[in-house]
Amino acid sequence: MNHTIVALVEDKPGVLNRVASLFRRRAFNIESLTVGHTEQPGVSRMTIVVDSDDVSIERLIAYLYKLVNVIQVEDLTHVPRVTRDLAMIKVSATPENRTHIMQTVDVFRARIVDVTNTSFIIEITGDEEKIEGFVEVLRPLGIIEMVRTGVVAMARGGAPLYVNGNGNGNGVHAAHYAS
Amino acid sequence: MKLTGAQILWETLVREGVEVVFGYPGGANLPIYDAMLDYPVRHVLTRHEQGAAHMADGYARASGRVGVAMATSGPGATNLVTGIATAMMDSSPVVFITGQVASRFIGFDAFQETDVTGITLPITKHNYLVTRTEEIGPTLREAFYIARTGRPGPVLVDIAKDAQQNAIEWEYNGGPIKMRGYRPDLRPGTRQIQQALEMIAAAKRPLILAGQGVLLSNAMSELREFAERANIPVAMTLLGIGCFPATHPLNLGMMGMHGEAWVNHAIQEADLLLAFGMRFDDRVTGNVNTYARNARKIHIDIDPAEINKNIKVDLGLVGDLRDTLRQILEHLEPQEHTDWLAHITEMKGDSAVRDVQNLPPDGHLYAAHVIHDLWRTTGGNVLVTTDVGQHQMWSAQYFKQDHPHMWITSGGLGTMGFGLPSAIGAKIARPDQEVWTIVGDGGFQMTQAELSTAAQENVKVNVAIINNGFLGMVRQWQEFFYERRYAATPMRSPDFVKIAEAHGLTGLRVTTREEVIPAIQRAGRTEGTVVIDFRVEQEDSVYPMVPTGADLHNMIRRPVPNRIVETAQDEI
Ligand SMILES: Cc1cc2nc3c(=O)[nH]c(=O)nc-3n(C[C@H](O)[C@H](O)[C@H](O)COP(=O)(O)OP(=O)(O)OC[C@H]3O[C@@H](n4cnc5c(N)ncnc54)[C@H](O)[C@@H]3O)c2cc1C
Ligand SMILES: Cc1ncc(C[n+]2csc(CCOP(=O)(O)OP(=O)(O)O)c2C)c(N)n1
């Protein structure tokens, strides 16, 4: 099943390569990986969606902690969370289907961000399911091009990251560590 | 103080306590070499960068300190790669320093440019590319810190040539090292310690599996205290050898693929396994699905990623082994396991009576004879390094190491060519210690050029070549699993005596059992390195053997009519 992992990493040269290389070497398949800045200077946040079972994920998290630049890793799969993905979809727009497309965009609460005589670029944000649903509806109308950012995720509620995950921010799954 | 990057490098190394570096110069590290002459550091010029890497590794394993190896960019750095991977697999603390092309050329396929940090990313604990002089000092301090703390390992620092050359105002900063993502100091909680104590108290057939972690955490006396107080027998991994005295009554010997039969049976029959600083390598477990099915398992390891990696355990304690054992020892109650120990002794008995030493001479010279006699003649007080293959396994079985840090071998990577250079490194670390390397005729030839280094550096290591005219371990697999089709395993070697002499060293040849002890004694008396070419039985095999992936208890035993047998158990 898909697991959503969040990793806080030091913003150092090559750190993305280290993480990606680890997944390849340890034979885990990345479904999606996003990286960007956080509220803390010098710290980047990765959201990684990986298809794997729970036992392997525990191992993967331990491997991630072996990377010197990795500060904290949490598996948000089993906690209440908000996940978002953004897609831009270029569709061909003809006089006949323009209105239909615009109605569909409304229904999905997407936005048209570029218009020409023959095309629209539509922007949509949401969880993966919503985006996939939207893409399915658009497909028969003629998708010219599509890009997706990949998933970002955050646990619901007021607490910071480590409170929500399985671990304790110390590189060890809670089961083996001092309590 | 205005210093060049190269000077800052040596200032930092000297403050890290570095006395020896092993290496090879070239265009991209010339500034480092030039500055070296002004610092109190011994440089050992090797004949190949792989040799430098293994020497630094051998130095580290023999001394417990961080080893240092250097190379130039491009081919110099890529020649280190096998040595880096060897150190990584066996958790050896080595800092590798490579020269890189000047920063403005990086990425342009400049002369002798290779992406060394890219190449070594998966085979280092961490690595750095340094392009600014300011970063050299702090980066090297981090590198040493990472290499020696937590689970030790190799760290590579690749330094652009212009960063070595530029001069800056510099003061040494010896303040604490801060790395947000690096926490080498985990420890188990009291609840886990309590749980471990309860499991130990409940066990009827407990067994300790002692690995290299015992040596890395210097937990030898704690292990002994633990085993003696609770009367629990100890089995060792290949890399754990020496962490518990071989001649101790509670010692069982080596476990795993070429472990003693009674050890593997004891593992399969145990009701509690105490894994101390070992990582359940596949050569240790055999088929994981049938491994120690009756046993509950406690695993103590400093690396959280090792817990539940290969073998699912009932209790994982993450922390330094010595600290953790001390916490357990505070409450550990004395125990007896008379029936269990008697049962294991009984299993041993059947093998002991058939020991090679108890058989009448048949005119053949076996590797087991040579290694047994080396152990006996030297009183076992010898630091032994090995190469990889059959001779390595026989050395593990027949050389009864009683002392820690006296046994150095490439376990995880199984790197042929490791024996001679690691012995040179070990001897340089411990000049007063007699050092032997036991090698095969194949592996010796991979790094035999380092004899020249030994000669130039006046380093005395004795070399026992177990010469069977084959790539023996591979030939054994061909015999067992490929119908004796000996593809590419017969090997013709040069005259090793003359090779030694060509280096100004002493070469001896031994073809009969009678000549073994005199040759060993002569090697001990002779000044300088002595190479002994032991011409042993060609088609001998290592027993017992658990074929790859087979159940641990399903070993191939020596066929009955054969003359030498599978056990190293010897009357002491
Ligand atoms: C031809 C050949 C045959 C082999 N056959 C066998 C065989 O029959 N039997 C056998 O045992 N091996 C055999 N090996 C070796 C095998 O491949 C492994 O290298 C070996 O089993 C590893 O031993 P280890 O787990 O003790 O050491 P390592 O691989 O070095 O692991 C050490 C463990 O200790 C932990 N550690 C480090 N420091 C500390 C600390 N301070 N506190 C706590 N834990 C710490 C580490 O995290 C790691 O998990 C063979 C190798 C070759 C080349
Ligand atoms: C660098 C390298 N290449 C290949 C191997 C595969 N290998 C393992 S043991 C062995 C045979 C070693 O032969 P030799 O050095 O003569 O020692 P012996 O087994 O005869 O004692 C080989 C080729 C290896 N371990 N390392």
# chains A, B, ... in the order shown; residues from 1 in each chain; ligands from 1
call {"tool": "select_by_dssp", "arguments": {"residues": "segment 67-162 of chain A", "states": "strand (DSSP E or B)", "output": "PyMOL selection string"}}
result
chain A and resi 70-75+81-92+111-115+119-126+143-148+152-155
call {"tool": "closest_atom_pairs", "arguments": {"of": "chain B", "to": "ligand 1", "cutoff": "6 Å", "atoms": "only C-alpha atoms and all ligand atoms", "output": "Markdown table"}}
result
| residue | atom | partner | partner_atom_place_in_ligand_line | distance |
| --- | --- | --- | --- | --- |
| B:Asp90 | CA | ligand 1 | 30 (O) | 4.2 |
| B:Ser91 | CA | ligand 1 | 30 (O) | 5.3 |
| B:Arg151 | CA | ligand 1 | 38 (N) | 4.6 |
| B:Gly211 | CA | ligand 1 | 26 (O) | 3.1 |
| B:Gln212 | CA | ligand 1 | 26 (O) | 4.0 |
| B:Gly213 | CA | ligand 1 | 34 (O) | 3.5 |
| B:Leu216 | CA | ligand 1 | 38 (N) | 4.9 |
| B:Ser217 | CA | ligand 1 | 41 (N) | 3.8 |
| B:Thr237 | CA | ligand 1 | 11 (O) | 3.3 |
| B:Leu238 | CA | ligand 1 | 11 (O) | 4.0 |
| B:Leu239 | CA | ligand 1 | 23 (O) | 4.6 |
| B:Gly240 | CA | ligand 1 | 26 (O) | 4.9 |
| B:Met255 | CA | ligand 1 | 9 (N) | 5.1 |
| B:Gly256 | CA | ligand 1 | 9 (N) | 3.9 |
| B:Met257 | CA | ligand 1 | 8 (O) | 3.6 |
| B:His258 | CA | ligand 1 | 8 (O) | 3.7 |
| B:Gly259 | CA | ligand 1 | 8 (O) | 4.8 |
| B:Gly277 | CA | ligand 1 | 34 (O) | 3.5 |
| B:Met278 | CA | ligand 1 | 25 (O) | 3.4 |
| B:Arg279 | CA | ligand 1 | 25 (O) | 4.0 |
| B:Phe280 | CA | ligand 1 | 25 (O) | 5.8 |
| B:Asp281 | CA | ligand 1 | 21 (O) | 5.1 |
| B:Arg283 | CA | ligand 1 | 6 (C) | 5.1 |
| B:Val284 | CA | ligand 1 | 11 (O) | 4.9 |
| B:Asp301 | CA | ligand 1 | 44 (N) | 3.7 |
| B:Ile302 | CA | ligand 1 | 43 (C) | 4.2 |
| B:Asp303 | CA | ligand 1 | 47 (O) | 4.4 |
| B:Glu306 | CA | ligand 1 | 49 (O) | 5.6 |
| B:Gly319 | CA | ligand 1 | 43 (C) | 6.0 |
| B:Asp320 | CA | ligand 1 | 42 (N) | 3.6 |
| B:Leu321 | CA | ligand 1 | 42 (N) | 3.8 |
| B:Val388 | CA | ligand 1 | 53 (C) | 5.5 |
| B:Gly389 | CA | ligand 1 | 1 (C) | 5.0 |
| B:Gly411 | CA | ligand 1 | 19 (O) | 3.3 |
| B:Gly412 | CA | ligand 1 | 19 (O) | 3.5 |
| B:Gly414 | CA | ligand 1 | 53 (C) | 3.6 |
call {"tool": "residues_near_ligand", "arguments": {"ligand": "ligand 2", "cutoff": "6 Å", "atoms": "only C-alpha atoms and all ligand atoms", "output": "number ranges by chain"}}
result
B: 388-391, 414-416, 440-443, 468, 470-474
call {"tool": "interface_residues", "arguments": {"of": "chain B", "to": "chain A", "cutoff": "8 Å", "atoms": "only C-alpha atoms", "output": "ChimeraX atom specification"}}
result
/B:121-122,125-126,179-183,186-192,304-305,308-309,315-318
call {"tool": "closest_atom_pairs", "arguments": {"of": "segment 419-466 of chain B", "to": "segment 51-68 of chain B", "cutoff": "12 Å", "atoms": "only C-alpha atoms", "output": "Markdown table"}}
result
| residue | atom | partner | partner_atom | distance |
| --- | --- | --- | --- | --- |
| B:Gly419 | CA | B:His54 | CA | 8.4 |
| B:Leu420 | CA | B:Gly51 | CA | 8.5 |
| B:Pro421 | CA | B:Met55 | CA | 4.9 |
| B:Ser422 | CA | B:Gly58 | CA | 4.1 |
| B:Ala423 | CA | B:Gly58 | CA | 6.3 |
| B:Ile424 | CA | B:Met55 | CA | 6.1 |
| B:Gly425 | CA | B:Met55 | CA | 4.0 |
| B:Ala426 | CA | B:Tyr59 | CA | 4.5 |
| B:Lys427 | CA | B:Tyr59 | CA | 7.6 |
| B:Ile428 | CA | B:Tyr59 | CA | 6.9 |
| B:Ala429 | CA | B:Tyr59 | CA | 5.3 |
| B:Arg430 | CA | B:Ser63 | CA | 7.1 |
| B:Pro431 | CA | B:Ala62 | CA | 10.7 |
| B:Gln433 | CA | B:Ala62 | CA | 10.1 |
| B:Val435 | CA | B:Ala62 | CA | 10.5 |
| B:Thr437 | CA | B:Gly58 | CA | 11.3 |
| B:Phe444 | CA | B:Gly51 | CA | 11.9 |
| B:Met446 | CA | B:Gly51 | CA | 9.8 |
| B:Thr447 | CA | B:Gly51 | CA | 6.8 |
| B:Gln448 | CA | B:Gly51 | CA | 9.4 |
| B:Ala449 | CA | B:Gly51 | CA | 8.8 |
| B:Glu450 | CA | B:Gly51 | CA | 6.8 |
| B:Leu451 | CA | B:Gly51 | CA | 10.4 |
| B:Ser452 | CA | B:Gly51 | CA | 11.3 |
| B:Thr453 | CA | B:Gly51 | CA | 9.3 |
| B:Ala454 | CA | B:Met55 | CA | 11.0 |
call {"tool": "residues_around", "arguments": {"residues": "segment 147-150 of chain B", "least_positions_apart": "6", "cutoff": "7 Å", "atoms": "only C-alpha atoms", "output": "JSON, numbers by chain"}}
result
{"B": [66, 93, 94, 95, 184, 185, 302]}
call {"tool": "residues_around", "arguments": {"residues": "Leu76 of chain A", "least_positions_apart": "5", "cutoff": "8 Å", "atoms": "only C-alpha atoms", "output": "list of chain:residue names"}}
result
A:His3, A:Thr4, A:Ile5, A:Val6, A:Arg81, A:Ala153, A:Met154, A:Ala155, A:Asn164, A:Gly165
call {"tool": "residues_around", "arguments": {"residues": "Ile298 of chain B", "least_positions_apart": "5", "cutoff": "10 Å", "atoms": "only C-alpha atoms", "output": "CSV table (one decimal) with N, CA and C atoms, in the first residue's frame"}}
result
chain,number,residue,atom,x,y,z
B,195,GLN,N,12.9,-6.0,30.6
B,195,GLN,CA,12.4,-7.1,29.7
B,195,GLN,C,13.5,-8.1,29.4
B,196,ALA,N,14.7,-7.6,29.1
B,196,ALA,CA,15.8,-8.5,28.7
B,196,ALA,C,16.1,-9.4,29.9
B,199,MET,N,13.6,-12.2,30.2
B,199,MET,CA,13.8,-13.2,29.2
B,199,MET,C,15.0,-14.1,29.5
B,200,ILE,N,16.0,-13.5,30.0
B,200,ILE,CA,17.2,-14.3,30.3
B,200,ILE,C,16.9,-15.2,31.4
B,208,ILE,N,24.7,-17.0,23.5
B,208,ILE,CA,25.2,-15.6,23.1
B,208,ILE,C,25.8,-15.7,21.7
B,272,LEU,N,16.8,-19.2,23.6
B,272,LEU,CA,17.0,-17.7,23.6
B,272,LEU,C,18.3,-17.4,23.0
B,273,LEU,N,18.3,-16.5,22.0
B,273,LEU,CA,19.5,-16.0,21.4
B,273,LEU,C,19.8,-14.6,21.8
B,274,LEU,N,21.0,-14.3,22.3
B,274,LEU,CA,21.4,-13.0,22.7
B,274,LEU,C,22.4,-12.5,21.7
B,275,ALA,N,21.9,-11.7,20.7
B,275,ALA,CA,22.8,-11.2,19.7
B,275,ALA,C,23.4,-9.9,20.1
B,276,PHE,N,24.7,-10.0,20.3
B,276,PHE,CA,25.5,-8.8,20.8
B,276,PHE,C,26.4,-8.2,19.7
B,307,ILE,N,18.1,-3.7,13.7
B,307,ILE,CA,17.1,-4.4,14.4
B,307,ILE,C,16.0,-4.8,13.5
B,312,LYS,N,13.7,-11.2,12.5
B,312,LYS,CA,12.8,-10.5,13.4
B,312,LYS,C,13.1,-10.9,14.8
B,313,VAL,N,13.2,-9.9,15.7
B,313,VAL,CA,13.6,-10.2,17.1
B,313,VAL,C,12.4,-9.9,18.0
B,314,ASP,N,12.5,-10.5,19.2
B,314,ASP,CA,11.4,-10.2,20.2
B,314,ASP,C,11.7,-8.9,21.0
B,315,LEU,N,13.0,-8.6,21.1
B,315,LEU,CA,13.4,-7.4,21.8
B,315,LEU,C,14.6,-6.8,21.2
B,316,GLY,N,14.5,-5.6,20.8
B,316,GLY,CA,15.7,-4.9,20.3
B,316,GLY,C,16.1,-3.8,21.2
B,317,LEU,N,17.4,-3.8,21.6
B,317,LEU,CA,17.9,-2.8,22.4
B,317,LEU,C,18.9,-2.0,21.6
call {"tool": "closest_residue", "arguments": {"among": "B:Gly469, B:Pro233, B:Pro25, B:Gly507", "to": "Thr489 of chain B", "atoms": "only C-alpha atoms"}}
result
B:Gly469
call {"tool": "closest_atom_pairs", "arguments": {"of": "segment 219-271 of chain B", "to": "segment 370-382 of chain B", "cutoff": "12 Å", "atoms": "only C-alpha atoms", "output": "tab-separated table"}}
result
residue	atom	partner	partner_atom	distance
B:Gly242	CA	B:Gly380	CA	11.2
B:Pro245	CA	B:Gly380	CA	11.2
B:Ala246	CA	B:Gly380	CA	10.4
B:Thr247	CA	B:Gly380	CA	10.8
call {"tool": "select_by_dssp", "arguments": {"residues": "chain A", "states": "helix (DSSP H, G or I)", "output": "VMD selection string"}}
result
chain A and resid 15 to 25 54 to 66 98 to 107 128 to 142 161 to 164 174 to 176
call {"tool": "write_last_selection", "arguments": {"atoms": "C-alpha atoms", "output": "short mmCIF file (atom, residue, chain, number, x, y, z; two decimals), in the first residue's frame"}}
result
data_model
loop_
_atom_site.label_atom_id
_atom_site.label_comp_id
_atom_site.auth_asym_id
_atom_site.auth_seq_id
_atom_site.Cartn_x
_atom_site.Cartn_y
_atom_site.Cartn_z
CA VAL A 15 20.95 15.71 0.05
CA LEU A 16 18.19 14.99 -2.49
CA ASN A 17 20.61 12.69 -4.28
CA ARG A 18 21.42 10.89 -1.04
CA VAL A 19 17.76 10.25 -0.29
CA ALA A 20 16.86 9.22 -3.84
CA SER A 21 19.93 7.00 -4.07
CA LEU A 22 18.95 5.29 -0.82
CA PHE A 23 15.54 4.36 -2.21
CA ARG A 24 17.10 2.94 -5.34
CA ARG A 25 19.82 1.02 -3.52
CA ASP A 54 4.35 -1.53 7.17
CA VAL A 55 7.31 -3.72 8.15
CA SER A 56 9.45 -2.53 5.26
CA ILE A 57 8.55 1.06 6.00
CA GLU A 58 9.94 0.73 9.49
CA ARG A 59 13.17 -0.50 7.93
CA LEU A 60 13.13 2.31 5.37
CA ILE A 61 12.78 4.93 8.09
CA ALA A 62 15.74 3.43 9.96
CA TYR A 63 17.79 3.55 6.75
CA LEU A 64 16.83 7.18 6.21
CA TYR A 65 18.07 8.00 9.70
CA LYS A 66 21.45 6.56 8.77
CA ARG A 98 -15.46 25.26 -24.27
CA THR A 99 -18.56 25.67 -22.13
CA HIS A 100 -18.53 22.03 -21.13
CA ILE A 101 -14.93 22.31 -19.97
CA MET A 102 -15.65 25.46 -17.98
CA GLN A 103 -18.54 23.78 -16.22
CA THR A 104 -16.42 20.79 -15.33
CA VAL A 105 -13.73 23.08 -13.97
CA ASP A 106 -16.35 24.71 -11.75
CA VAL A 107 -17.66 21.43 -10.45
CA GLU A 128 -4.70 12.52 -5.38
CA GLU A 129 -8.16 11.02 -5.73
CA LYS A 130 -9.74 14.32 -6.64
CA ILE A 131 -7.07 15.06 -9.24
CA GLU A 132 -7.32 11.62 -10.75
CA GLY A 133 -11.10 11.97 -10.95
CA PHE A 134 -10.73 15.28 -12.72
CA VAL A 135 -8.17 13.91 -15.18
CA GLU A 136 -10.52 11.07 -16.07
CA VAL A 137 -13.28 13.52 -16.88
CA LEU A 138 -11.01 15.66 -19.02
CA ARG A 139 -9.34 12.81 -20.88
CA PRO A 140 -12.03 12.33 -23.56
CA LEU A 141 -11.90 16.08 -24.28
CA GLY A 142 -8.26 15.86 -25.32
CA LEU A 161 5.56 16.82 13.27
CA TYR A 162 7.08 14.33 15.68
CA VAL A 163 4.07 14.09 17.94
CA ASN A 164 2.03 12.69 15.10
CA ALA A 174 9.34 3.68 19.44
CA ALA A 175 9.29 -0.05 20.16
CA HIS A 176 13.06 -0.30 20.64
#
call {"tool": "atom_distance", "arguments": {"atom1": "atom CA of Asp127 of chain A", "atom2": "atom CA of Arg26 of chain A"}}
result
28.0 Å
call {"tool": "residues_around", "arguments": {"residues": "Ala143 of chain B", "least_positions_apart": "3", "cutoff": "8 Å", "atoms": "only C-alpha atoms", "output": "compact mmCIF listing (two decimals) with N, CA, C and O atoms, in the first residue's frame"}}
result
# COMPACT_ATOMS: atom_id res chain seq x y z
N VAL B 95 39.19 7.55 7.31
CA VAL B 95 38.92 8.78 6.58
C VAL B 95 39.73 8.76 5.29
O VAL B 95 40.95 8.54 5.32
N HIS B 126 29.48 8.67 5.19
CA HIS B 126 29.13 10.01 4.73
C HIS B 126 30.26 10.49 3.84
O HIS B 126 31.38 9.99 3.97
N ASN B 127 30.00 11.42 2.96
CA ASN B 127 31.10 11.99 2.19
C ASN B 127 30.86 13.46 1.90
O ASN B 127 29.75 13.98 2.08
N THR B 139 35.20 20.53 7.98
CA THR B 139 34.75 19.30 7.33
C THR B 139 35.58 18.10 7.80
O THR B 139 35.04 17.03 8.09
N LEU B 140 36.88 18.29 7.89
CA LEU B 140 37.71 17.17 8.34
C LEU B 140 37.39 16.78 9.78
O LEU B 140 37.37 15.60 10.13
N ILE B 146 32.45 11.55 12.59
CA ILE B 146 31.48 10.59 12.05
C ILE B 146 32.11 9.21 11.91
O ILE B 146 31.49 8.19 12.22
N ALA B 147 33.37 9.18 11.45
CA ALA B 147 34.02 7.88 11.22
C ALA B 147 34.11 7.06 12.51
O ALA B 147 33.89 5.85 12.48
N VAL B 155 34.57 7.61 5.88
CA VAL B 155 34.08 8.92 5.45
C VAL B 155 35.08 9.45 4.42
O VAL B 155 36.29 9.36 4.64
N LEU B 156 34.58 9.94 3.32
CA LEU B 156 35.47 10.44 2.27
C LEU B 156 35.34 11.96 2.16
O LEU B 156 34.23 12.50 2.20
N VAL B 157 36.48 12.63 2.05
CA VAL B 157 36.49 14.07 1.84
C VAL B 157 37.25 14.35 0.55
O VAL B 157 38.44 14.04 0.44
call {"tool": "closest_residue", "arguments": {"among": "A:Val151, A:Met1, A:Met88, A:Ala93", "to": "Val113 of chain A", "atoms": "only C-alpha atoms"}}
result
A:Met88
call {"tool": "closest_residue", "arguments": {"among": "B:Ala396, B:Met89, B:Pro490, B:Glu16", "to": "Pro152 of chain B", "atoms": "only C-alpha atoms"}}
result
B:Met89
call {"tool": "atom_distance", "arguments": {"atom1": "atom CA of Asp34 of chain B", "atom2": "atom CA of Ala6 of chain B"}}
result
8.2 Å
call {"tool": "atom_distance", "arguments": {"atom1": "atom CA of Leu197 of chain B", "atom2": "atom CA of Asn218 of chain B"}}
result
21.8 Å
